[in-house]
$ cat query-v7.cif   # mmCIF, C-alpha atoms and all ligand atoms
data_start
loop_
_atom_site.label_atom_id
_atom_site.label_comp_id
_atom_site.auth_asym_id
_atom_site.auth_seq_id
_atom_site.Cartn_x
_atom_site.Cartn_y
_atom_site.Cartn_z
CA MET A 19 305.15 204.70 85.29
CA SER A 20 301.91 202.85 84.63
CA GLU A 21 300.94 201.85 81.13
CA THR A 22 297.27 201.73 80.20
CA GLN A 23 296.07 198.18 80.20
CA PRO A 24 295.16 196.82 76.77
CA ASP A 25 291.82 195.08 76.21
CA ILE A 26 292.52 191.68 77.80
CA ARG A 27 290.03 188.87 77.22
CA LYS A 28 290.77 186.76 80.28
CA GLY A 29 290.20 183.11 79.42
CA LEU A 30 290.11 184.26 75.77
CA VAL A 31 286.36 184.76 76.27
CA GLY A 32 284.72 185.64 72.97
CA VAL A 33 288.00 185.59 71.04
CA VAL A 34 287.75 184.10 67.55
CA ALA A 35 291.23 182.60 67.17
CA ASP A 36 291.03 181.06 63.66
CA VAL A 37 288.71 179.58 61.07
CA SER A 38 287.68 175.92 61.24
CA ALA A 39 285.54 173.67 59.03
CA VAL A 40 285.31 170.79 61.50
CA SER A 41 282.32 171.71 63.66
CA LYS A 42 280.01 174.63 64.31
CA VAL A 43 278.82 175.50 67.82
CA MET A 44 275.68 177.65 67.69
CA PRO A 45 274.80 178.94 71.15
CA GLU A 46 271.93 181.05 69.80
CA THR A 47 270.04 177.86 68.84
CA ASN A 48 271.76 175.50 71.33
CA SER A 49 272.98 173.44 68.41
CA LEU A 50 276.13 171.77 67.15
CA THR A 51 277.03 170.38 63.75
CA TYR A 52 279.97 168.20 62.71
CA ARG A 53 280.90 168.98 59.09
CA GLY A 54 277.36 170.33 58.64
CA TYR A 55 275.42 167.43 60.23
CA ALA A 56 273.45 167.99 63.45
CA VAL A 57 275.11 166.04 66.24
CA GLN A 58 271.82 164.57 67.46
CA ASP A 59 271.09 163.19 63.94
CA LEU A 60 274.56 161.65 63.79
CA ALA A 61 274.04 160.14 67.26
CA GLU A 62 270.72 158.54 66.29
CA GLN A 63 271.58 157.45 62.76
CA CYS A 64 275.30 156.72 62.60
CA SER A 65 277.98 154.70 64.35
CA PHE A 66 280.98 156.27 66.07
CA GLU A 67 283.22 154.91 63.29
CA GLU A 68 281.14 156.74 60.65
CA VAL A 69 281.45 159.95 62.68
CA ALA A 70 285.22 159.49 63.06
CA TYR A 71 285.47 159.07 59.29
CA LEU A 72 283.32 162.17 58.79
CA LEU A 73 285.47 164.31 61.09
CA TRP A 74 288.68 163.23 59.37
CA ASN A 75 287.44 163.31 55.77
CA GLY A 76 284.69 165.93 55.67
CA GLU A 77 282.03 163.53 54.31
CA LEU A 78 280.23 160.46 55.65
CA PRO A 79 281.66 157.20 54.30
CA ASP A 80 279.85 154.97 51.80
CA ALA A 81 279.59 151.26 52.65
CA ALA A 82 282.96 150.35 51.14
CA GLN A 83 284.75 153.30 52.74
CA LEU A 84 283.23 152.44 56.11
CA ALA A 85 284.23 148.78 55.81
CA ALA A 86 287.81 149.78 54.97
CA PHE A 87 287.91 152.29 57.87
CA ARG A 88 286.58 149.71 60.34
CA ALA A 89 289.03 147.07 59.09
CA GLU A 90 291.99 149.41 59.47
CA GLU A 91 290.95 150.47 62.97
CA ALA A 92 290.36 146.86 64.03
CA ALA A 93 293.74 145.75 62.63
CA ASN A 94 295.66 148.38 64.62
CA ARG A 95 294.30 147.74 68.12
CA GLY A 96 297.18 145.72 69.52
CA ILE A 97 299.78 147.38 71.75
CA SER A 98 303.39 146.25 72.08
CA PRO A 99 304.81 144.09 74.88
CA ALA A 100 306.98 147.13 75.71
CA LEU A 101 303.90 149.30 76.32
CA HIS A 102 302.26 146.51 78.32
CA GLY A 103 305.44 146.46 80.41
CA VAL A 104 305.33 150.21 80.98
CA ILE A 105 301.65 149.98 81.95
CA GLN A 106 302.44 147.20 84.44
CA ALA A 107 305.01 149.54 86.02
CA PHE A 108 302.51 152.40 86.55
CA PRO A 109 301.68 153.04 90.23
CA HIS A 110 298.43 151.18 90.89
CA ASP A 111 296.81 154.29 92.32
CA ALA A 112 297.72 156.42 89.28
CA HIS A 113 294.76 158.21 87.74
CA PRO A 114 293.77 156.54 84.45
CA MET A 115 294.04 159.95 82.71
CA ASP A 116 297.71 160.10 83.72
CA ALA A 117 298.06 156.51 82.53
CA ILE A 118 296.61 157.19 79.08
CA ARG A 119 298.55 160.45 78.76
CA THR A 120 301.77 158.54 79.44
CA ALA A 121 300.75 155.64 77.17
CA VAL A 122 300.04 158.02 74.26
CA SER A 123 303.41 159.69 74.79
CA PHE A 124 305.06 156.25 74.76
CA LEU A 125 303.14 155.26 71.62
CA GLY A 126 304.66 158.34 69.99
CA MET A 127 308.16 157.08 70.67
CA GLU A 128 307.29 153.65 69.25
CA ASP A 129 305.42 154.89 66.20
CA PRO A 130 307.30 154.15 62.96
CA GLU A 131 306.36 157.60 61.60
CA SER A 132 306.77 159.44 64.88
CA ALA A 133 308.55 162.55 63.61
CA ASP A 134 306.84 162.74 60.21
CA THR A 135 304.44 165.68 60.40
CA ALA A 136 303.29 165.50 56.77
CA GLU A 137 299.51 165.04 56.50
CA PRO A 138 299.47 161.46 55.15
CA ALA A 139 301.65 160.30 58.07
CA THR A 140 299.55 162.26 60.58
CA ARG A 141 296.42 160.55 59.27
CA ARG A 142 297.98 157.10 59.60
CA LYS A 143 299.18 157.94 63.11
CA ALA A 144 295.72 159.22 64.06
CA MET A 145 294.19 155.91 62.97
CA ARG A 146 296.75 153.99 65.02
CA LEU A 147 296.00 156.14 68.07
CA LEU A 148 292.22 155.76 67.65
CA ALA A 149 292.70 151.99 67.56
CA LYS A 150 295.25 151.67 70.38
CA ILE A 151 293.93 154.16 72.95
CA PRO A 152 291.10 151.87 74.19
CA THR A 153 293.55 148.96 74.49
CA ALA A 154 295.91 151.08 76.60
CA ILE A 155 293.11 152.54 78.75
CA ALA A 156 291.69 149.11 79.51
CA ALA A 157 295.09 147.50 80.11
CA ALA A 158 296.01 150.22 82.62
CA HIS A 159 292.62 149.97 84.33
CA ARG A 160 292.88 146.19 84.64
CA ALA A 161 296.53 146.31 85.74
CA ALA A 162 295.57 148.70 88.57
CA LYS A 163 293.07 146.05 89.72
CA GLY A 164 295.62 143.24 89.43
CA LEU A 165 293.90 141.82 86.34
CA ALA A 166 295.57 140.60 83.15
CA PRO A 167 294.86 142.63 80.00
CA VAL A 168 292.23 141.41 77.54
CA GLU A 169 293.31 141.09 73.90
CA PRO A 170 291.34 143.33 71.52
CA ASP A 171 288.88 141.46 69.30
CA PRO A 172 289.05 142.60 65.66
CA LYS A 173 285.61 141.09 64.96
CA LEU A 174 283.95 143.61 67.30
CA GLY A 175 282.97 147.19 66.50
CA PHE A 176 284.73 150.05 68.30
CA ALA A 177 282.15 150.40 71.10
CA GLU A 178 281.72 146.64 71.60
CA ASN A 179 285.47 146.17 71.71
CA PHE A 180 285.78 148.84 74.41
CA PHE A 181 283.48 146.85 76.73
CA HIS A 182 285.30 143.63 75.79
CA LEU A 183 288.66 145.20 76.70
CA VAL A 184 287.48 146.57 80.06
CA PHE A 185 285.15 143.78 81.25
CA GLY A 186 286.05 140.80 79.07
CA ARG A 187 282.46 140.71 77.74
CA VAL A 188 280.09 142.70 75.54
CA PRO A 189 276.78 143.84 77.06
CA GLN A 190 273.36 143.89 75.40
CA PRO A 191 272.88 146.06 72.28
CA GLU A 192 271.01 148.88 74.12
CA VAL A 193 274.04 149.42 76.36
CA VAL A 194 276.46 149.37 73.41
CA LYS A 195 274.24 151.86 71.54
CA ALA A 196 274.11 154.24 74.52
CA PHE A 197 277.91 154.09 74.80
CA ASP A 198 278.30 154.64 71.04
CA VAL A 199 276.00 157.69 71.29
CA SER A 200 278.18 159.10 74.09
CA LEU A 201 281.29 158.66 71.93
CA ILE A 202 279.62 160.53 69.06
CA LEU A 203 278.53 163.38 71.35
CA TYR A 204 282.01 163.67 72.90
CA ALA A 205 283.91 163.50 69.58
CA GLU A 206 284.26 167.18 68.72
CA HIS A 207 283.43 170.65 69.99
CA GLY A 208 285.24 173.51 68.29
CA PHE A 209 288.07 175.38 70.04
CA ASN A 210 287.56 173.93 73.53
CA ALA A 211 290.57 173.99 75.87
CA SER A 212 292.05 170.59 74.94
CA THR A 213 291.53 171.07 71.20
CA PHE A 214 293.06 174.54 71.34
CA THR A 215 295.96 173.03 73.29
CA ALA A 216 296.45 170.38 70.57
CA ARG A 217 296.33 173.09 67.90
CA THR A 218 298.84 175.24 69.81
CA VAL A 219 301.29 172.32 70.04
CA THR A 220 300.76 171.58 66.34
CA SER A 221 301.39 175.23 65.47
CA THR A 222 304.99 174.87 66.66
CA GLY A 223 305.59 172.11 64.11
CA ALA A 224 305.48 169.37 66.77
CA ASP A 225 304.07 165.94 65.96
CA LEU A 226 300.61 164.40 66.47
CA HIS A 227 301.48 162.35 69.57
CA GLY A 228 302.81 165.48 71.29
CA ALA A 229 299.64 167.39 70.45
CA ILE A 230 297.38 164.57 71.68
CA THR A 231 299.43 164.06 74.86
CA ALA A 232 298.99 167.76 75.63
CA GLY A 233 295.29 167.56 74.75
CA ILE A 234 294.83 164.72 77.25
CA ALA A 235 296.59 166.77 79.94
CA ALA A 236 294.17 169.65 79.32
CA LEU A 237 291.12 167.39 79.21
CA LYS A 238 291.83 165.97 82.67
CA GLY A 239 290.93 169.20 84.45
CA PRO A 240 287.59 169.28 86.31
CA LEU A 241 286.53 172.43 84.44
CA HIS A 242 286.83 170.44 81.19
CA GLY A 243 286.56 166.66 80.64
CA GLY A 244 287.19 165.78 84.27
CA ALA A 245 283.68 167.08 85.00
CA ASN A 246 282.02 163.78 83.99
CA GLU A 247 283.85 162.05 86.86
CA ALA A 248 283.12 164.93 89.23
CA VAL A 249 279.40 164.65 88.42
CA MET A 250 279.28 161.02 89.48
CA HIS A 251 281.27 161.72 92.65
CA MET A 252 278.74 164.45 93.39
CA LEU A 253 275.73 162.18 92.82
CA ALA A 254 277.34 159.46 94.96
CA GLU A 255 277.94 162.03 97.73
CA ILE A 256 274.30 163.15 97.63
CA GLY A 257 273.26 159.51 97.78
CA GLU A 258 269.50 159.76 97.17
CA PRO A 259 267.02 162.05 95.40
CA SER A 260 265.35 163.26 98.62
CA LYS A 261 268.69 164.78 99.74
CA ALA A 262 269.46 166.59 96.48
CA LEU A 263 267.80 169.94 97.25
CA ASP A 264 269.38 170.33 100.69
CA TRP A 265 272.75 169.38 99.28
CA LEU A 266 272.37 172.01 96.55
CA GLU A 267 271.36 174.70 99.06
CA GLY A 268 274.63 174.04 100.88
CA LYS A 269 276.53 174.63 97.64
CA PHE A 270 274.63 177.85 96.96
CA ASP A 271 275.49 179.05 100.48
CA HIS A 272 279.19 178.65 99.70
CA LYS A 273 278.95 179.89 96.11
CA ALA A 274 280.55 176.57 95.12
CA LEU A 275 280.60 175.20 91.58
CA VAL A 276 278.09 172.47 90.85
CA MET A 277 279.80 170.07 88.47
CA GLY A 278 278.19 169.29 85.14
CA PHE A 279 276.53 172.71 84.94
CA GLY A 280 277.45 175.80 82.96
CA HIS A 281 279.34 176.20 79.72
CA ARG A 282 281.64 178.82 78.26
CA VAL A 283 279.76 178.93 74.96
CA TYR A 284 276.24 177.64 75.60
CA LYS A 285 274.42 179.83 78.06
CA ASN A 286 270.89 178.54 77.29
CA GLY A 287 271.51 174.81 77.13
CA ASP A 288 274.03 172.35 75.69
CA SER A 289 272.96 170.86 72.33
CA ARG A 290 274.14 167.40 73.35
CA VAL A 291 272.32 167.11 76.67
CA PRO A 292 268.83 166.00 75.47
CA THR A 293 270.25 163.08 73.45
CA MET A 294 272.61 161.94 76.21
CA THR A 295 269.87 162.28 78.84
CA LYS A 296 267.57 160.09 76.73
CA TYR A 297 270.21 157.35 76.59
CA ALA A 298 271.12 157.73 80.28
CA GLU A 299 267.40 157.23 81.05
CA LYS A 300 267.48 154.08 78.91
CA MET A 301 270.43 152.82 80.94
CA ALA A 302 268.50 153.46 84.15
CA GLU A 303 265.65 151.32 82.74
CA VAL A 304 267.97 148.54 81.57
CA VAL A 305 269.75 148.37 84.94
CA GLY A 306 266.57 148.97 86.95
CA ASP A 307 268.12 151.78 89.02
CA ARG A 308 266.28 155.12 88.67
CA ARG A 309 268.02 156.79 91.61
CA TRP A 310 270.74 158.67 89.70
CA MET A 311 268.49 160.03 86.99
CA GLU A 312 265.89 161.05 89.56
CA MET A 313 268.57 162.92 91.50
CA SER A 314 269.80 164.50 88.25
CA ARG A 315 266.28 165.70 87.44
CA VAL A 316 265.97 167.40 90.84
CA LEU A 317 269.38 169.08 90.53
CA ALA A 318 268.82 170.27 86.94
CA GLY A 319 265.41 171.71 87.83
CA ALA A 320 266.73 173.58 90.87
CA MET A 321 269.85 174.88 89.08
CA LEU A 322 267.68 176.30 86.32
CA GLU A 323 265.13 177.81 88.69
CA ARG A 324 267.60 179.28 91.16
CA LYS A 325 270.65 180.11 89.00
CA ASN A 326 269.40 179.95 85.43
CA ILE A 327 272.32 177.60 84.67
CA HIS A 328 271.81 174.60 82.38
CA PRO A 329 273.55 171.20 82.53
CA ASN A 330 276.34 170.35 80.07
CA LEU A 331 277.06 166.98 78.41
CA ASP A 332 279.06 165.71 81.38
CA PHE A 333 275.95 165.86 83.57
CA PRO A 334 274.04 162.98 81.89
CA ALA A 335 277.23 161.22 80.71
CA GLY A 336 278.46 160.68 84.30
CA PRO A 337 275.46 158.62 85.51
CA ALA A 338 275.16 156.92 82.09
CA TYR A 339 278.71 155.54 82.37
CA HIS A 340 278.09 154.49 85.96
CA LEU A 341 274.95 152.63 84.91
CA MET A 342 276.94 150.94 82.11
CA GLY A 343 279.20 149.54 84.83
CA PHE A 344 282.33 151.65 84.36
CA ASP A 345 284.36 152.73 87.41
CA ILE A 346 284.36 156.54 87.82
CA PRO A 347 288.08 157.09 86.97
CA LEU A 348 287.42 155.60 83.52
CA PHE A 349 284.90 158.27 82.54
CA THR A 350 287.36 160.91 81.33
CA PRO A 351 289.60 158.33 79.57
CA ILE A 352 286.45 157.29 77.63
CA PHE A 353 286.18 160.94 76.60
CA VAL A 354 289.79 160.65 75.32
CA ALA A 355 288.92 157.51 73.31
CA SER A 356 286.28 159.60 71.54
CA ARG A 357 287.89 163.07 71.37
CA ILE A 358 291.04 161.74 69.64
CA THR A 359 288.88 162.04 66.52
CA GLY A 360 288.16 165.76 66.97
CA TRP A 361 291.70 166.52 68.15
CA ALA A 362 293.25 164.81 65.12
CA ALA A 363 290.86 166.60 62.73
CA HIS A 364 292.01 169.91 64.24
CA VAL A 365 295.70 168.95 64.15
CA ILE A 366 295.35 168.19 60.43
CA GLU A 367 293.46 171.46 59.85
CA GLN A 368 295.96 173.53 61.84
CA ALA A 369 298.98 172.02 60.07
CA ALA A 370 297.43 172.53 56.64
CA ASP A 371 297.30 176.31 57.11
CA ASN A 372 299.65 176.94 59.99
CA ARG A 373 300.81 180.02 61.78
CA LEU A 374 302.58 179.78 65.14
CA ILE A 375 300.07 180.47 67.96
CA ARG A 376 301.77 183.04 70.15
CA PRO A 377 299.65 185.64 71.94
CA LEU A 378 300.98 188.52 74.06
CA SER A 379 300.78 189.27 77.76
CA HIS A 380 300.51 192.62 79.51
CA TYR A 381 303.37 192.89 82.02
CA THR A 382 302.40 193.80 85.59
CA GLY A 383 305.61 192.84 87.45
CA ALA A 384 308.44 194.93 88.92
CA ALA A 385 309.80 197.90 86.95
CA GLN A 386 313.20 197.42 85.31
CA ARG A 387 316.00 197.53 87.92
CA GLU A 388 319.72 196.86 88.49
CA VAL A 389 320.91 193.45 89.68
CA PRO A 390 322.23 194.12 93.22
CA PRO A 391 325.49 192.46 94.39
CA ILE A 392 324.72 189.31 96.43
CA ALA A 393 325.80 190.93 99.72
CA GLN A 394 323.12 193.61 99.29
CA ARG A 395 320.14 191.30 98.56
N1 LIG A 401 277.91 175.98 89.38
C1 LIG A 401 277.61 177.14 90.00
N2 LIG A 401 277.75 178.36 89.44
C2 LIG A 401 278.20 178.37 88.18
C3 LIG A 401 278.53 177.22 87.46
C4 LIG A 401 278.37 175.99 88.11
N3 LIG A 401 278.68 174.85 87.49
N4 LIG A 401 278.98 177.55 86.23
C5 LIG A 401 278.93 178.89 86.17
N5 LIG A 401 278.49 179.38 87.33
C6 LIG A 401 278.31 180.79 87.67
C7 LIG A 401 279.67 181.43 87.89
O1 LIG A 401 280.08 181.29 89.22
C8 LIG A 401 279.42 182.85 87.49
O2 LIG A 401 278.76 183.49 88.55
P1 LIG A 401 279.08 185.03 88.91
O3 LIG A 401 278.70 185.79 87.67
O4 LIG A 401 278.23 185.28 90.10
O5 LIG A 401 280.56 185.08 89.18
C9 LIG A 401 278.42 182.71 86.34
O6 LIG A 401 277.77 181.46 86.53
C10 LIG A 401 279.07 182.75 84.97
O7 LIG A 401 280.00 181.72 84.86
P2 LIG A 401 281.49 181.89 84.33
O8 LIG A 401 282.46 181.51 85.41
O9 LIG A 401 281.67 183.22 83.68
O10 LIG A 401 281.56 180.81 83.22
P3 LIG A 401 282.84 180.39 82.40
O11 LIG A 401 282.45 180.46 80.98
O12 LIG A 401 284.08 181.09 82.80
O13 LIG A 401 283.03 178.88 82.90
C11 LIG A 401 282.70 176.58 83.10
C12 LIG A 401 282.44 177.82 82.25
C13 LIG A 401 282.25 175.35 82.30
C14 LIG A 401 284.19 176.44 83.40
C15 LIG A 401 281.89 176.68 84.40
O14 LIG A 401 280.53 176.77 84.09
C16 LIG A 401 282.16 175.52 85.34
O15 LIG A 401 283.16 175.53 86.07
N6 LIG A 401 281.26 174.47 85.35
C17 LIG A 401 281.48 173.33 86.20
C18 LIG A 401 282.47 172.37 85.58
C19 LIG A 401 281.92 171.66 84.38
O16 LIG A 401 280.85 171.12 84.40
N7 LIG A 401 282.72 171.63 83.31
C20 LIG A 401 282.39 170.97 82.07
C21 LIG A 401 282.23 171.97 80.98
S1 LIG A 401 281.62 171.22 79.52
#
$ encode --input "query-v7.cif" --output "structure tokens"
Amino acid sequence: MSETQPDIRKGLVGVVADVSAVSKVMPETNSLTYRGYAVQDLAEQCSFEEVAYLLWNGELPDAAQLAAFRAEEAANRGISPALHGVIQAFPHDAHPMDAIRTAVSFLGMEDPESADTAEPATRRKAMRLLAKIPTAIAAAHRAAKGLAPVEPDPKLGFAENFFHLVFGRVPQPEVVKAFDVSLILYAEHGFNASTFTARTVTSTGADLHGAITAGIAALKGPLHGGANEAVMHMLAEIGEPSKALDWLEGKFDHKALVMGFGHRVYKNGDSRVPTMTKYAEKMAEVVGDRRWMEMSRVLAGAMLERKNIHPNLDFPAGPAYHLMGFDIPLFTPIFVASRITGWAAHVIEQAADNRLIRPLSHYTGAAQREVPPIAQR
């Protein structure tokens, strides 16, 4: 007996799952606002810390509020000897996304307010995670290379401190600004897969660290955050601009995905790409290596002409991070260091007006039957 199939939106395409006041994605104008502010204006005029404050509080901070926010973040950067010990025990070939996912889960067990899901505790825990995630990412990265961890420096801003933790030094201001811009652009993006995952976990009444751990697991996938790493692997495989078109033809022949292109919501261009491309170009100038951006230009032009598919944020972010000196497996963890802000804003919003997220499935398996005795199976 076959039932008629209900209207299934595979991949939840086009489904509006809830209301949200955190950000607005507007595919009709290729634009994105955080709490009403255009993301490109925030990227040019604000620091990542100001944007984090905005996402969590709904308004930009004044000078005193920003100073207090920065001081609290800077004061919470240290991680425990126990977590350092766990990080030392990670397999050296572990992917840094698995390392940060495990570190965040561990931080949840150590957190003094771990099980407290009331909003004030969630906000304090979010601040601690924002501060500690870069320390854990960098410690794991350095441990995998046999290097000792670098202590966070509370005198440095968030972006500067990230470089200090990874490399033991802070680069010139243009590089720090380009990195800060990338953090702002990566901070928030509506009900994307990892944010929806974090909201789903929150909807069960589970705590912030659980929601963020799950969000990190979702972000790792190459169809989501993992694409920024895949883009750089792709550019490295192509090797030089003159080979880009032939390489792309080969992909078209096999109907293969070209990483860093396409988007579930934006079909005519990703609002964040022009700003990130501008800063990636600046990095190419600073480093004196135009190869990657030249190759990117060729690929983007051909993808648009042949497939009418535009690049997404991961496309310029990949080469930008490479030009800043980061190893490829750090690219998606950097996305985590930023997106913790958007995830936490959504966790707070979900918990404030919660209903368990529990969709239905349409059953297509075997019809109901008797359990046969074991001798007859
Ligand atoms: N390379 C080649 N073709 C692509 C493509 C890409 N990156 N992205 C989409 N397409 C094609 C699809 O194959 C499909 O073609 P078809 O109609 O002939 O089957 C068409 O464009 C529509 O794409 P669809 O699969 O419906 O898009 P989606 O909304 O389900 O998927 C992504 C969106 C982001 C998962 C998808 O574009 C993708 O995998 N991109 C590469 C990974 C990436 O960069 N992810 C980061 C996202 S921010």
$ atom_distance --input "query-v7.cif" --atom1 "CA of Gly243 (chain A)" --atom2 "CA of Met294 (chain A)"
15.4 Å
$ residues_near_ligand --input "query-v7.cif" --ligand "ligand LIG 401 (chain A)" --cutoff "6 Å" --atoms "all atoms listed in the file" --output "PyMOL selection string"
chain A and resi 241-242+245+274-282+330
$ residues_around --input "query-v7.cif" --residues "Phe108 (chain A)" --least-positions-apart "4" --cutoff "8 Å" --atoms "all atoms listed in the file" --output "list in words"
Val104, Ala112, Ala117 and Ala158 of chain A
$ residues_around --input "query-v7.cif" --residues "Ala133 (chain A)" --least-positions-apart "2" --cutoff "12 Å" --atoms "all atoms listed in the file" --output "mmCIF file with C-alpha atoms, keeping the file's coordinate frame"
data_model
loop_
_atom_site.group_PDB
_atom_site.id
_atom_site.type_symbol
_atom_site.label_atom_id
_atom_site.label_comp_id
_atom_site.auth_asym_id
_atom_site.auth_seq_id
_atom_site.Cartn_x
_atom_site.Cartn_y
_atom_site.Cartn_z
ATOM 1 C CA GLY A 126 304.660 158.340 69.990
ATOM 2 C CA MET A 127 308.160 157.080 70.670
ATOM 3 C CA GLU A 128 307.290 153.650 69.250
ATOM 4 C CA ASP A 129 305.420 154.890 66.200
ATOM 5 C CA PRO A 130 307.300 154.150 62.960
ATOM 6 C CA GLU A 131 306.360 157.600 61.600
ATOM 7 C CA THR A 135 304.440 165.680 60.400
ATOM 8 C CA ALA A 136 303.290 165.500 56.770
ATOM 9 C CA GLU A 137 299.510 165.040 56.500
ATOM 10 C CA ALA A 139 301.650 160.300 58.070
ATOM 11 C CA THR A 140 299.550 162.260 60.580
ATOM 12 C CA LYS A 143 299.180 157.940 63.110
ATOM 13 C CA GLY A 223 305.590 172.110 64.110
ATOM 14 C CA ALA A 224 305.480 169.370 66.770
ATOM 15 C CA ASP A 225 304.070 165.940 65.960
ATOM 16 C CA LEU A 226 300.610 164.400 66.470
ATOM 17 C CA HIS A 227 301.480 162.350 69.570
ATOM 18 C CA GLY A 228 302.810 165.480 71.290
#
$ atom_distance --input "query-v7.cif" --atom1 "CA of Asn179 (chain A)" --atom2 "CA of Pro152 (chain A)"
8.4 Å
$ residues_near_point --input "query-v7.cif" --point "(268.4, 176.6, 81.9)" --cutoff "12 Å" --atoms "all atoms listed in the file" --output "ChimeraX atom specification"
/A:48,279-281,284-288,291,317-330
$ write_last_selection --input "query-v7.cif" --atoms "C-alpha atoms" --output "PDB file, keeping the file's coordinate frame"
ATOM      1  CA  ASN A  48     271.760 175.500  71.330  1.00  0.00           C
ATOM      2  CA  PHE A 279     276.530 172.710  84.940  1.00  0.00           C
ATOM      3  CA  GLY A 280     277.450 175.800  82.960  1.00  0.00           C
ATOM      4  CA  HIS A 281     279.340 176.200  79.720  1.00  0.00           C
ATOM      5  CA  TYR A 284     276.240 177.640  75.600  1.00  0.00           C
ATOM      6  CA  LYS A 285     274.420 179.830  78.060  1.00  0.00           C
ATOM      7  CA  ASN A 286     270.890 178.540  77.290  1.00  0.00           C
ATOM      8  CA  GLY A 287     271.510 174.810  77.130  1.00  0.00           C
ATOM      9  CA  ASP A 288     274.030 172.350  75.690  1.00  0.00           C
ATOM     10  CA  VAL A 291     272.320 167.110  76.670  1.00  0.00           C
ATOM     11  CA  LEU A 317     269.380 169.080  90.530  1.00  0.00           C
ATOM     12  CA  ALA A 318     268.820 170.270  86.940  1.00  0.00           C
ATOM     13  CA  GLY A 319     265.410 171.710  87.830  1.00  0.00           C
ATOM     14  CA  ALA A 320     266.730 173.580  90.870  1.00  0.00           C
ATOM     15  CA  MET A 321     269.850 174.880  89.080  1.00  0.00           C
ATOM     16  CA  LEU A 322     267.680 176.300  86.320  1.00  0.00           C
ATOM     17  CA  GLU A 323     265.130 177.810  88.690  1.00  0.00           C
ATOM     18  CA  ARG A 324     267.600 179.280  91.160  1.00  0.00           C
ATOM     19  CA  LYS A 325     270.650 180.110  89.000  1.00  0.00           C
ATOM     20  CA  ASN A 326     269.400 179.950  85.430  1.00  0.00           C
ATOM     21  CA  ILE A 327     272.320 177.600  84.670  1.00  0.00           C
ATOM     22  CA  HIS A 328     271.810 174.600  82.380  1.00  0.00           C
ATOM     23  CA  PRO A 329     273.550 171.200  82.530  1.00  0.00           C
ATOM     24  CA  ASN A 330     276.340 170.350  80.070  1.00  0.00           C
TER      25      ASN A 330
END
